[in-house]
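See below for the structure under consideration.
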There are 2 protein chains.
Amino acid sequence: MVKCNDVDLDRTFAALADPTRRALLARLGREDSVSVSELAEPFPVSLPAIMKHLNVLSDAGLILRQKTGRTVSCRLNAAPMADAMEWLHHYERFWSTRLDRLADLVENEPS
Amino acid sequence: MVKCNDVDLDRTFAALADPTRRALLARLGREDSVSVSELAEPFPVSLPAIMKHLNVLSDAGLILRQKTGRTVSCRLNAAPMADAMEWLHHYERFWSTRLDRLADLVENEPS
DNA sequence: CGTACACTTAACCTTATGGTTAAGTGTAAT
DNA sequence: ATTACACTTAACCATAAGGTTAAGTGTACG
């Protein structure tokens, strides 16, 4: 199993690897539907820069855009995060402390 | 809260955004302690390329290296993944209640 | 109509990423 | 001592990422 070419996971993790993009997602987590210019406003960078971030997020499937008149509203689509989460989940036992693991054992294997 | 400069999270997600690096971590998840050349062997790229990947993983704190004689053994350090997991955890409600959201969409988008 | 507004695209720049080959360092074995 | 081995570093290359300014598209409004 040399090739592990999970392009979707690549894109998801890459999209999450930037603080501006995480902040955009956080905003959409709080606000549900926000226009592009409203999204851009708090950041000290230009609108085209934000556009590029939004494109990265779209390509990763993390946001959806819908045009209404001349404004475009963005909303969160967290589904791809579930795959990232699942990948990480496989490593959970490596950071759980011994006590956590003990608790896990007790929970999952009673008696 | 414009600045969300979580450099560690940047590095963790960026490190995870490459299939070769994820495969290296997977190997270390299975094998606990593996030398650099053993790690590199399955991949169709040069050893220096793998070195760069290992450096990225080290910089993200995801692996630890220990030199013994002329061989360097690498082991997984999953701790930084916990922070990534925690970040993702905040969005869990956006995909775990997907059926509810689907119903919501159907309600709010009459065709 | 014309103009302002919301967004997008284009062109460009700088730095980072992922790869290469070749050379260097230090330890082990003959 | 010499040679082989395991890894590292250096130098280079092509492409991608993240930013800029300027120009373009399309919708709304006076």
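Chain lettering (A, B, ...) mirrors the order of the structure tokens, residue numbering begins at 1 for each chain separately, and ligand numbering begins at 1 in order of display.
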
Go through stretch 68-97 of chain A and flag each residue having an atom no more than 9 Å from stretch 43-61 of chain A; for those, report the closest pair of atoms plus their distance in Å to one decimal, using only C-alpha atoms, ordered by chain and rising number, as CSV.
residue,atom,partner,partner_atom,distance
A:Cys74,CA,A:Leu54,CA,8.9
A:Asn77,CA,A:Gly61,CA,6.8
A:Ala78,CA,A:Gly61,CA,8.1
A:Ala79,CA,A:Gly61,CA,8.0
A:Pro80,CA,A:Gly61,CA,6.6

Discussion item. With all C-alpha atoms matched in order and chain A superposed on chain B by least squares, what's the RMSD to one decimal?
Written reply: 5.9 Å

Item to complete: Just need the residues of chain A within 10 Å of chain C, counting only C-alpha atoms (C1' of nucleotides), so spit them out as a list in words.
Response: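 For chain A, the answer reads Ser35, Val36, Ser37, Leu47, Pro48, Met51, Lys67, Gly69, Arg70, Thr71 and Val72 of chain A.
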
Which residues of chain A come within 9 Å of chain B, and for each one, what is the closest pair of atoms and their distance in Å to one decimal, counting only C-alpha atoms, sorted by chain and residue number, as a Markdown table?
| residue | atom | partner | partner_atom | distance |
| --- | --- | --- | --- | --- |
| A:Met1 | CA | B:Pro42 | CA | 8.4 |
| A:Val2 | CA | B:Pro42 | CA | 6.1 |
| A:Lys3 | CA | B:Pro19 | CA | 7.8 |
| A:Cys4 | CA | B:Pro19 | CA | 5.6 |
| A:Asn5 | CA | B:Pro19 | CA | 5.8 |
| A:Asp6 | CA | B:Pro19 | CA | 6.7 |
| A:Val7 | CA | B:Pro19 | CA | 8.0 |
| A:Leu9 | CA | B:Ala17 | CA | 7.0 |
| A:Asp10 | CA | B:Ala17 | CA | 4.5 |
| A:Arg11 | CA | B:Ala17 | CA | 6.9 |
| A:Thr12 | CA | B:Ala17 | CA | 7.5 |
| A:Phe13 | CA | B:Ala17 | CA | 4.7 |
| A:Ala14 | CA | B:Ala17 | CA | 5.0 |
| A:Ala15 | CA | B:Phe13 | CA | 8.5 |
| A:Leu16 | CA | B:Phe13 | CA | 6.2 |
| A:Ala17 | CA | B:Asp10 | CA | 4.5 |
| A:Asp18 | CA | B:Asp10 | CA | 5.7 |
| A:Pro19 | CA | B:Cys4 | CA | 5.7 |
| A:Thr20 | CA | B:Cys4 | CA | 7.2 |
| A:Arg22 | CA | B:Cys4 | CA | 8.1 |
| A:Ala23 | CA | B:Cys4 | CA | 6.6 |
| A:Ala26 | CA | B:Tyr91 | CA | 8.7 |
| A:Gly29 | CA | B:Tyr91 | CA | 7.3 |
| A:Pro42 | CA | B:Val2 | CA | 6.0 |
| A:Phe43 | CA | B:Val2 | CA | 6.2 |
| A:Pro44 | CA | B:Val2 | CA | 8.3 |
| A:Leu76 | CA | B:Phe94 | CA | 8.3 |
| A:Asn77 | CA | B:Phe94 | CA | 7.6 |
| A:Ala78 | CA | B:Trp95 | CA | 5.8 |
| A:Ala79 | CA | B:Trp95 | CA | 5.4 |
| A:Pro80 | CA | B:Trp95 | CA | 8.8 |
| A:Met81 | CA | B:Leu88 | CA | 6.9 |
| A:Ala82 | CA | B:Trp95 | CA | 7.1 |
| A:Ala84 | CA | B:Leu88 | CA | 8.3 |
| A:Met85 | CA | B:Met85 | CA | 6.5 |
| A:Leu88 | CA | B:Met85 | CA | 6.7 |
| A:His89 | CA | B:Met85 | CA | 8.0 |
| A:His90 | CA | B:Gly29 | CA | 8.8 |
| A:Tyr91 | CA | B:Ala78 | CA | 6.7 |
| A:Glu92 | CA | B:Ala82 | CA | 7.5 |
| A:Arg93 | CA | B:Ala78 | CA | 8.9 |
| A:Phe94 | CA | B:Ala78 | CA | 5.8 |
| A:Trp95 | CA | B:Ala79 | CA | 5.2 |
| A:Ser96 | CA | B:Ala79 | CA | 8.6 |

Restricted to C-alpha atoms, what would the selected residues look like written as an mmCIF file, in the first residue's frame?
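Output file part.cif follows:
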data_model
loop_
_atom_site.group_PDB
_atom_site.id
_atom_site.type_symbol
_atom_site.label_atom_id
_atom_site.label_comp_id
_atom_site.auth_asym_id
_atom_site.auth_seq_id
_atom_site.Cartn_x
_atom_site.Cartn_y
_atom_site.Cartn_z
ATOM 1 C CA MET A 1 0.000 0.000 0.000
ATOM 2 C CA VAL A 2 2.411 2.613 -1.218
ATOM 3 C CA LYS A 3 -0.005 4.944 -2.937
ATOM 4 C CA CYS A 4 -2.380 6.594 -0.552
ATOM 5 C CA ASN A 5 -3.648 9.153 -3.027
ATOM 6 C CA ASP A 6 -6.608 10.471 -1.147
ATOM 7 C CA VAL A 7 -6.950 13.748 -2.993
ATOM 8 C CA LEU A 9 -8.226 14.468 2.230
ATOM 9 C CA ASP A 10 -5.264 16.364 0.790
ATOM 10 C CA ARG A 11 -7.518 19.248 -0.149
ATOM 11 C CA THR A 12 -9.374 19.247 3.131
ATOM 12 C CA PHE A 13 -6.252 19.299 5.291
ATOM 13 C CA ALA A 14 -4.578 21.841 3.007
ATOM 14 C CA ALA A 15 -7.626 24.098 3.178
ATOM 15 C CA LEU A 16 -7.549 23.924 6.976
ATOM 16 C CA ALA A 17 -3.830 24.711 7.133
ATOM 17 C CA ASP A 18 -4.323 28.470 6.828
ATOM 18 C CA PRO A 19 -5.452 30.733 9.683
ATOM 19 C CA THR A 20 -7.421 33.056 7.418
ATOM 20 C CA ARG A 22 -10.015 28.699 9.434
ATOM 21 C CA ALA A 23 -11.264 32.110 10.538
ATOM 22 C CA ALA A 26 -15.366 29.932 12.035
ATOM 23 C CA GLY A 29 -19.957 28.363 11.754
ATOM 24 C CA PRO A 42 -12.569 41.880 9.032
ATOM 25 C CA PHE A 43 -9.349 40.868 7.300
ATOM 26 C CA PRO A 44 -6.427 43.141 6.537
ATOM 27 C CA LEU A 76 -20.485 26.208 5.617
ATOM 28 C CA ASN A 77 -20.406 22.646 4.362
ATOM 29 C CA ALA A 78 -18.634 20.727 7.079
ATOM 30 C CA ALA A 79 -19.084 17.269 5.569
ATOM 31 C CA PRO A 80 -15.485 16.935 4.317
ATOM 32 C CA MET A 81 -14.293 17.607 7.836
ATOM 33 C CA ALA A 82 -15.865 14.323 8.849
ATOM 34 C CA ALA A 84 -10.470 14.426 8.227
ATOM 35 C CA MET A 85 -11.870 13.681 11.651
ATOM 36 C CA LEU A 88 -7.407 11.523 12.887
ATOM 37 C CA HIS A 89 -9.590 9.206 14.883
ATOM 38 C CA HIS A 90 -7.324 6.287 13.980
ATOM 39 C CA TYR A 91 -4.535 7.952 15.929
ATOM 40 C CA GLU A 92 -6.563 8.848 18.948
ATOM 41 C CA ARG A 93 -5.172 5.969 20.966
ATOM 42 C CA PHE A 94 -1.665 7.425 20.552
ATOM 43 C CA TRP A 95 -2.435 10.601 22.379
ATOM 44 C CA SER A 96 -4.940 9.334 24.870
#

Considering only C-alpha atoms (C1' of nucleotides), tabulate each residue of chain D that lies at most 12 Å from chain A along with its nearest interatomic pair and the corresponding distance in Å to one decimal; arrange the rows by chain and ascending residue number and present them as JSON lines.
{"residue": "D:DA17", "atom": "C1'", "partner": "A:Lys52", "partner_atom": "CA", "distance": 9.8}
{"residue": "D:DG18", "atom": "C1'", "partner": "A:Ala49", "partner_atom": "CA", "distance": 7.4}
{"residue": "D:DG19", "atom": "C1'", "partner": "A:Ala49", "partner_atom": "CA", "distance": 6.6}
{"residue": "D:DT20", "atom": "C1'", "partner": "A:Ser46", "partner_atom": "CA", "distance": 8.0}
{"residue": "D:DT21", "atom": "C1'", "partner": "A:Ser46", "partner_atom": "CA", "distance": 9.8}
{"residue": "D:DA22", "atom": "C1'", "partner": "A:Pro48", "partner_atom": "CA", "distance": 11.5}
{"residue": "D:DT25", "atom": "C1'", "partner": "A:Arg70", "partner_atom": "CA", "distance": 10.6}
{"residue": "D:DG26", "atom": "C1'", "partner": "A:Arg70", "partner_atom": "CA", "distance": 7.3}
{"residue": "D:DT27", "atom": "C1'", "partner": "A:Arg70", "partner_atom": "CA", "distance": 5.2}
{"residue": "D:DA28", "atom": "C1'", "partner": "A:Arg70", "partner_atom": "CA", "distance": 8.0}

I need the chosen residues saved as an mmCIF file, in the first residue's frame, with N, CA, C and O atoms (P, O5', C5', C4', C3', O3' and C1' of nucleotides).
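Final output, selection21.cif:
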data_model
loop_
_atom_site.group_PDB
_atom_site.id
_atom_site.type_symbol
_atom_site.label_atom_id
_atom_site.label_comp_id
_atom_site.auth_asym_id
_atom_site.auth_seq_id
_atom_site.Cartn_x
_atom_site.Cartn_y
_atom_site.Cartn_z
ATOM 1 P P DA D 17 -1.674 25.050 -4.544
ATOM 2 O "O5'" DA D 17 -1.150 26.221 -3.585
ATOM 3 C "C5'" DA D 17 -0.140 25.914 -2.633
ATOM 4 C "C4'" DA D 17 0.181 27.168 -1.857
ATOM 5 C "C3'" DA D 17 -1.026 28.012 -1.479
ATOM 6 O "O3'" DA D 17 -0.809 28.473 -0.153
ATOM 7 C "C1'" DA D 17 0.493 29.321 -2.711
ATOM 8 P P DG D 18 -2.037 29.102 0.659
ATOM 9 O "O5'" DG D 18 -1.783 30.668 0.638
ATOM 10 C "C5'" DG D 18 -0.666 31.195 1.321
ATOM 11 C "C4'" DG D 18 -0.488 32.634 0.930
ATOM 12 C "C3'" DG D 18 -1.779 33.459 0.978
ATOM 13 O "O3'" DG D 18 -1.581 34.599 1.796
ATOM 14 C "C1'" DG D 18 -0.638 33.795 -1.059
ATOM 15 P P DG D 19 -2.782 35.532 2.219
ATOM 16 O "O5'" DG D 19 -2.558 36.783 1.250
ATOM 17 C "C5'" DG D 19 -1.659 37.796 1.629
ATOM 18 C "C4'" DG D 19 -1.049 38.482 0.430
ATOM 19 C "C3'" DG D 19 -1.924 39.483 -0.322
ATOM 20 O "O3'" DG D 19 -2.082 40.682 0.408
ATOM 21 C "C1'" DG D 19 -0.458 38.318 -1.799
ATOM 22 P P DT D 20 -3.195 41.741 -0.030
ATOM 23 O "O5'" DT D 20 -2.519 42.464 -1.293
ATOM 24 C "C5'" DT D 20 -1.270 43.164 -1.134
ATOM 25 C "C4'" DT D 20 -0.758 43.579 -2.498
ATOM 26 C "C3'" DT D 20 -1.707 44.467 -3.285
ATOM 27 O "O3'" DT D 20 -1.432 45.821 -3.000
ATOM 28 C "C1'" DT D 20 -0.847 42.702 -4.676
ATOM 29 P P DT D 21 -2.529 46.913 -3.303
ATOM 30 O "O5'" DT D 21 -2.486 47.047 -4.895
ATOM 31 C "C5'" DT D 21 -1.281 47.463 -5.545
ATOM 32 C "C4'" DT D 21 -1.504 47.496 -7.049
ATOM 33 C "C3'" DT D 21 -2.625 48.433 -7.510
ATOM 34 O "O3'" DT D 21 -2.192 49.114 -8.687
ATOM 35 C "C1'" DT D 21 -3.091 46.218 -8.237
ATOM 36 P P DA D 22 -3.104 50.251 -9.338
ATOM 37 O "O5'" DA D 22 -3.777 49.483 -10.565
ATOM 38 C "C5'" DA D 22 -2.953 48.644 -11.378
ATOM 39 C "C4'" DA D 22 -3.795 48.005 -12.457
ATOM 40 C "C3'" DA D 22 -4.930 48.887 -12.977
ATOM 41 O "O3'" DA D 22 -5.078 48.639 -14.374
ATOM 42 C "C1'" DA D 22 -5.829 46.893 -12.153
ATOM 43 P P DT D 25 -15.541 41.649 -19.700
ATOM 44 O "O5'" DT D 25 -16.587 41.269 -18.567
ATOM 45 C "C5'" DT D 25 -16.541 39.973 -17.993
ATOM 46 C "C4'" DT D 25 -17.656 39.823 -16.975
ATOM 47 C "C3'" DT D 25 -19.052 40.145 -17.515
ATOM 48 O "O3'" DT D 25 -19.904 39.079 -17.159
ATOM 49 C "C1'" DT D 25 -18.645 41.338 -15.518
ATOM 50 P P DG D 26 -21.252 38.820 -17.981
ATOM 51 O "O5'" DG D 26 -22.352 39.210 -16.900
ATOM 52 C "C5'" DG D 26 -22.290 38.591 -15.629
ATOM 53 C "C4'" DG D 26 -22.979 39.456 -14.603
ATOM 54 C "C3'" DG D 26 -24.349 39.985 -15.065
ATOM 55 O "O3'" DG D 26 -25.216 39.870 -13.965
ATOM 56 C "C1'" DG D 26 -23.059 41.727 -14.234
ATOM 57 P P DT D 27 -26.740 39.425 -14.198
ATOM 58 O "O5'" DT D 27 -27.436 40.242 -13.024
ATOM 59 C "C5'" DT D 27 -26.939 40.064 -11.703
ATOM 60 C "C4'" DT D 27 -27.114 41.343 -10.929
ATOM 61 C "C3'" DT D 27 -28.509 41.954 -11.028
ATOM 62 O "O3'" DT D 27 -28.945 42.156 -9.694
ATOM 63 C "C1'" DT D 27 -26.854 43.601 -11.339
ATOM 64 P P DA D 28 -30.444 42.489 -9.344
ATOM 65 O "O5'" DA D 28 -30.344 43.998 -8.852
ATOM 66 C "C5'" DA D 28 -29.612 44.262 -7.648
ATOM 67 C "C4'" DA D 28 -29.438 45.743 -7.466
ATOM 68 C "C3'" DA D 28 -30.740 46.530 -7.441
ATOM 69 O "O3'" DA D 28 -30.605 47.489 -6.408
ATOM 70 C "C1'" DA D 28 -29.300 47.449 -9.060
#

Discussion item. Please identify the alpha helix (DSSP H) residues within stretch 13-101 of chain A (assignment by DSSP from backbone atoms) and present them as a count of residues only.
Written reply: 54
